[in-house]
Amino acid sequence: MGRSSKDKRDIYYRMAKEEGWRARSAFKLLQLDQEFNLFTGVNRVVDLCAAPGSWSQVLSQKLRGREKGEGAGKVKIVAVDLQAMAPLPGVTQIQGDITKVSTAQEIIRHFEGQPADLVVCDGAPDVTGLHDVDEFIQAQLLLAALNITTHVLKPGGTFVAKIFRGKDVTLLYSQLKIFFTGVTCSKPRSSRNSSIEAFAVCQNYSPPEGYVPNMSNPLLDNSYDVDFNQLEGPNRVIVPFLACGDLSAFDSDRTYPLQLDAGKDYQYTPPTQPPICPPYQQACHLRKNNLLSREDTPSVCPDPRPEDPEPAAEST
């Protein structure tokens, strides 16, 4: 298949390259903002699991573009991920673990002691194809994001995170309702209909009285009623669900022709930002150079934080 094959099969992938976004997921945040006005009155934002940076890119352009001149200095955006990410204007990057208290402290330090107005998380695990396993791992990632959010989000703030909308979504919803007065499960038009992906939009952060954020205690543990999610009929919690956008938007599951406009010829556009040292980089290198059968092949990806080189010996 040629380079244009995916451009035909995924219209949002094509549009992301043409408009300069790092990934098609940028449209998901844009469509969520259109529905919920997420960016109104927001100056301090945390982007968890940020790589490759499409959501941070949206935040930077929307928030810093809103504030002209000196006002742009009031906007502070912190992106957190275990992986390295190419720099973005106006975005401070932390290469750290969202399950560590030190990461939360580092975020607050960049905000000069002030809490965040908005926390977003588009993180997802490497899916296995076993839906029950994928849903559980995604739920744990969401709760880890919620855990660090309780450390950095201001009362009344907003939290947006990806979820896998499976049969256990009721338990996640009940967890989020403990901390937020408004929780809605939303699916943007750019999210494929064939995917169980959706987004939890949690508004008006209101933690329980006396609650002390603590990373050592996971929010989801075995102390919960195992029969809670087996309720049926009127006893079962119905999670509010909202589809963003209308029928005028592009269908993420449809194949479109390469030439959308009659007066404009199609031209291939390369990705805006190639991945930085992705996990598959070494495998591609080995296959390209016919080295898959060789053992002890050195890594092609340099250590992102190499140790200081030893001083060279003086010549005699």
# chains A, B, ... in the order shown; residues from 1 in each chain; ligands from 1
>>> select_by_dssp(residues="region 90-280 of chain A", states="strand (DSSP E)", output="PyMOL selection string")
chain A and resi 91-95+116-121+153-164+180-187+197-205+241-243
>>> closest_residue(among="A:Glu197, A:Asp134, A:Asp122, A:Asp251", to="Trp55 (chain A)", atoms="only C-alpha atoms")
A:Asp122
>>> residues_around(residues="region 93-102 of chain A", least_positions_apart="6", cutoff="8 Å", atoms="only C-alpha atoms", output="list in words")
Leu48, Val78, Ala79, Val80, Asp81, Leu82, Gln83, Ala84, Met85, Pro87, Ala144, Ala145, Asn147, Ile148 and Met215 of chain A
>>> closest_residue(among="A:Gln114, A:Lys162, A:Lys6, A:Val119", to="Ser56 (chain A)", atoms="only C-alpha atoms")
A:Val119
>>> residues_around(residues="Ser190 (chain A)", least_positions_apart="3", cutoff="8 Å", atoms="only C-alpha atoms", output="PDB file with all heavy atoms, in the first residue's frame")
ATOM      1  N   TYR A  12      -9.243  12.012   9.740  1.00  0.00           N
ATOM      2  CA  TYR A  12      -8.684  12.854  10.804  1.00  0.00           C
ATOM      3  C   TYR A  12      -7.170  12.747  10.871  1.00  0.00           C
ATOM      4  O   TYR A  12      -6.488  13.701  11.249  1.00  0.00           O
ATOM      5  CB  TYR A  12      -9.321  12.495  12.144  1.00  0.00           C
ATOM      6  CG  TYR A  12     -10.748  12.984  12.258  1.00  0.00           C
ATOM      7  CD1 TYR A  12     -11.820  12.125  12.087  1.00  0.00           C
ATOM      8  CD2 TYR A  12     -11.029  14.326  12.516  1.00  0.00           C
ATOM      9  CE1 TYR A  12     -13.134  12.573  12.174  1.00  0.00           C
ATOM     10  CE2 TYR A  12     -12.331  14.787  12.601  1.00  0.00           C
ATOM     11  CZ  TYR A  12     -13.381  13.900  12.429  1.00  0.00           C
ATOM     12  OH  TYR A  12     -14.674  14.361  12.514  1.00  0.00           O
ATOM     13  N   ARG A  24      -3.860  12.705  15.399  1.00  0.00           N
ATOM     14  CA  ARG A  24      -5.285  12.908  15.150  1.00  0.00           C
ATOM     15  C   ARG A  24      -6.063  13.140  16.445  1.00  0.00           C
ATOM     16  O   ARG A  24      -7.172  13.677  16.420  1.00  0.00           O
ATOM     17  CB  ARG A  24      -5.863  11.698  14.407  1.00  0.00           C
ATOM     18  CG  ARG A  24      -5.912  10.437  15.262  1.00  0.00           C
ATOM     19  CD  ARG A  24      -6.323   9.209  14.477  1.00  0.00           C
ATOM     20  NE  ARG A  24      -7.600   9.324  13.812  1.00  0.00           N
ATOM     21  CZ  ARG A  24      -8.766   9.166  14.395  1.00  0.00           C
ATOM     22  NH1 ARG A  24      -8.816   8.917  15.702  1.00  0.00           N
ATOM     23  NH2 ARG A  24      -9.881   9.259  13.712  1.00  0.00           N
ATOM     24  N   SER A  25      -5.488  12.755  17.586  1.00  0.00           N
ATOM     25  CA  SER A  25      -6.169  12.929  18.868  1.00  0.00           C
ATOM     26  C   SER A  25      -6.384  14.398  19.211  1.00  0.00           C
ATOM     27  O   SER A  25      -7.187  14.714  20.097  1.00  0.00           O
ATOM     28  CB  SER A  25      -5.375  12.245  19.986  1.00  0.00           C
ATOM     29  OG  SER A  25      -4.047  12.744  20.040  1.00  0.00           O
ATOM     30  N   PHE A  27      -8.004  16.481  17.539  1.00  0.00           N
ATOM     31  CA  PHE A  27      -9.390  16.815  17.227  1.00  0.00           C
ATOM     32  C   PHE A  27     -10.336  16.376  18.349  1.00  0.00           C
ATOM     33  O   PHE A  27     -11.404  16.965  18.530  1.00  0.00           O
ATOM     34  CB  PHE A  27      -9.808  16.176  15.907  1.00  0.00           C
ATOM     35  CG  PHE A  27      -9.101  16.761  14.715  1.00  0.00           C
ATOM     36  CD1 PHE A  27      -8.067  16.080  14.102  1.00  0.00           C
ATOM     37  CD2 PHE A  27      -9.458  18.010  14.219  1.00  0.00           C
ATOM     38  CE1 PHE A  27      -7.414  16.627  13.011  1.00  0.00           C
ATOM     39  CE2 PHE A  27      -8.814  18.559  13.133  1.00  0.00           C
ATOM     40  CZ  PHE A  27      -7.776  17.859  12.521  1.00  0.00           C
ATOM     41  N   LYS A  28      -9.953  15.360  19.095  1.00  0.00           N
ATOM     42  CA  LYS A  28     -10.799  14.910  20.194  1.00  0.00           C
ATOM     43  C   LYS A  28     -10.897  15.987  21.271  1.00  0.00           C
ATOM     44  O   LYS A  28     -11.985  16.282  21.774  1.00  0.00           O
ATOM     45  CB  LYS A  28     -10.254  13.607  20.781  1.00  0.00           C
ATOM     46  CG  LYS A  28     -10.180  12.467  19.776  1.00  0.00           C
ATOM     47  CD  LYS A  28      -9.497  11.239  20.350  1.00  0.00           C
ATOM     48  CE  LYS A  28      -9.328  10.164  19.289  1.00  0.00           C
ATOM     49  NZ  LYS A  28      -8.606   8.974  19.789  1.00  0.00           N
ATOM     50  N   PHE A 250     -16.825  15.087   9.986  1.00  0.00           N
ATOM     51  CA  PHE A 250     -16.377  13.911   9.247  1.00  0.00           C
ATOM     52  C   PHE A 250     -16.613  12.655  10.077  1.00  0.00           C
ATOM     53  O   PHE A 250     -16.519  12.670  11.304  1.00  0.00           O
ATOM     54  CB  PHE A 250     -14.894  14.028   8.899  1.00  0.00           C
ATOM     55  CG  PHE A 250     -14.605  15.015   7.806  1.00  0.00           C
ATOM     56  CD1 PHE A 250     -14.060  16.257   8.094  1.00  0.00           C
ATOM     57  CD2 PHE A 250     -14.876  14.705   6.487  1.00  0.00           C
ATOM     58  CE1 PHE A 250     -13.792  17.169   7.086  1.00  0.00           C
ATOM     59  CE2 PHE A 250     -14.613  15.605   5.465  1.00  0.00           C
ATOM     60  CZ  PHE A 250     -14.068  16.845   5.767  1.00  0.00           C
ATOM     61  N   ASP A 251     -16.910  11.556   9.394  1.00  0.00           N
ATOM     62  CA  ASP A 251     -17.109  10.261  10.037  1.00  0.00           C
ATOM     63  C   ASP A 251     -15.757   9.574  10.172  1.00  0.00           C
ATOM     64  O   ASP A 251     -15.074   9.313   9.172  1.00  0.00           O
ATOM     65  CB  ASP A 251     -18.058   9.405   9.192  1.00  0.00           C
ATOM     66  CG  ASP A 251     -18.447   8.105   9.887  1.00  0.00           C
ATOM     67  OD1 ASP A 251     -17.762   7.717  10.858  1.00  0.00           O
ATOM     68  OD2 ASP A 251     -19.408   7.463   9.449  1.00  0.00           O
ATOM     69  N   SER A 252     -15.341   9.281  11.406  1.00  0.00           N
ATOM     70  CA  SER A 252     -14.013   8.721  11.634  1.00  0.00           C
ATOM     71  C   SER A 252     -13.873   7.295  11.122  1.00  0.00           C
ATOM     72  O   SER A 252     -12.753   6.796  10.983  1.00  0.00           O
ATOM     73  CB  SER A 252     -13.684   8.761  13.133  1.00  0.00           C
ATOM     74  OG  SER A 252     -14.673   8.076  13.877  1.00  0.00           O
TER      75      SER A 252
END
>>> atom_distance(atom1="CA of Leu29 (chain A)", atom2="CA of Lys8 (chain A)")
22.5 Å
>>> closest_residue(among="A:Leu291, A:Leu171, A:Val201, A:Leu32", to="Cys244 (chain A)", atoms="only C-alpha atoms")
A:Leu32
>>> closest_residue(among="A:Asn43, A:Gln57, A:Asn289, A:Thr181", to="Val75 (chain A)", atoms="only C-alpha atoms")
A:Asn43
>>> residues_around(residues="Gln61 (chain A)", least_positions_apart="3", cutoff="12 Å", atoms="only C-alpha atoms", output="list in words")
Gly20, Trp21, Ala26, Leu30, Phe39, Ser54, Trp55, Ser56, Gln57, Val58, Arg64, Gly65, Arg66, Glu67, Lys68, Ala72, Val75, Ile77, Leu88, Pro89, Gly90 and Val91 of chain A
>>> closest_residue(among="A:Tyr268, A:Leu63, A:Val46, A:Arg192", to="Glu106 (chain A)", atoms="only C-alpha atoms")
A:Val46
>>> closest_residue(among="A:Ser186, A:Gln138, A:Ser206, A:Ser5", to="Glu35 (chain A)", atoms="only C-alpha atoms")
A:Ser186
>>> atom_distance(atom1="CA of Leu153 (chain A)", atom2="CA of Pro115 (chain A)")
5.3 Å
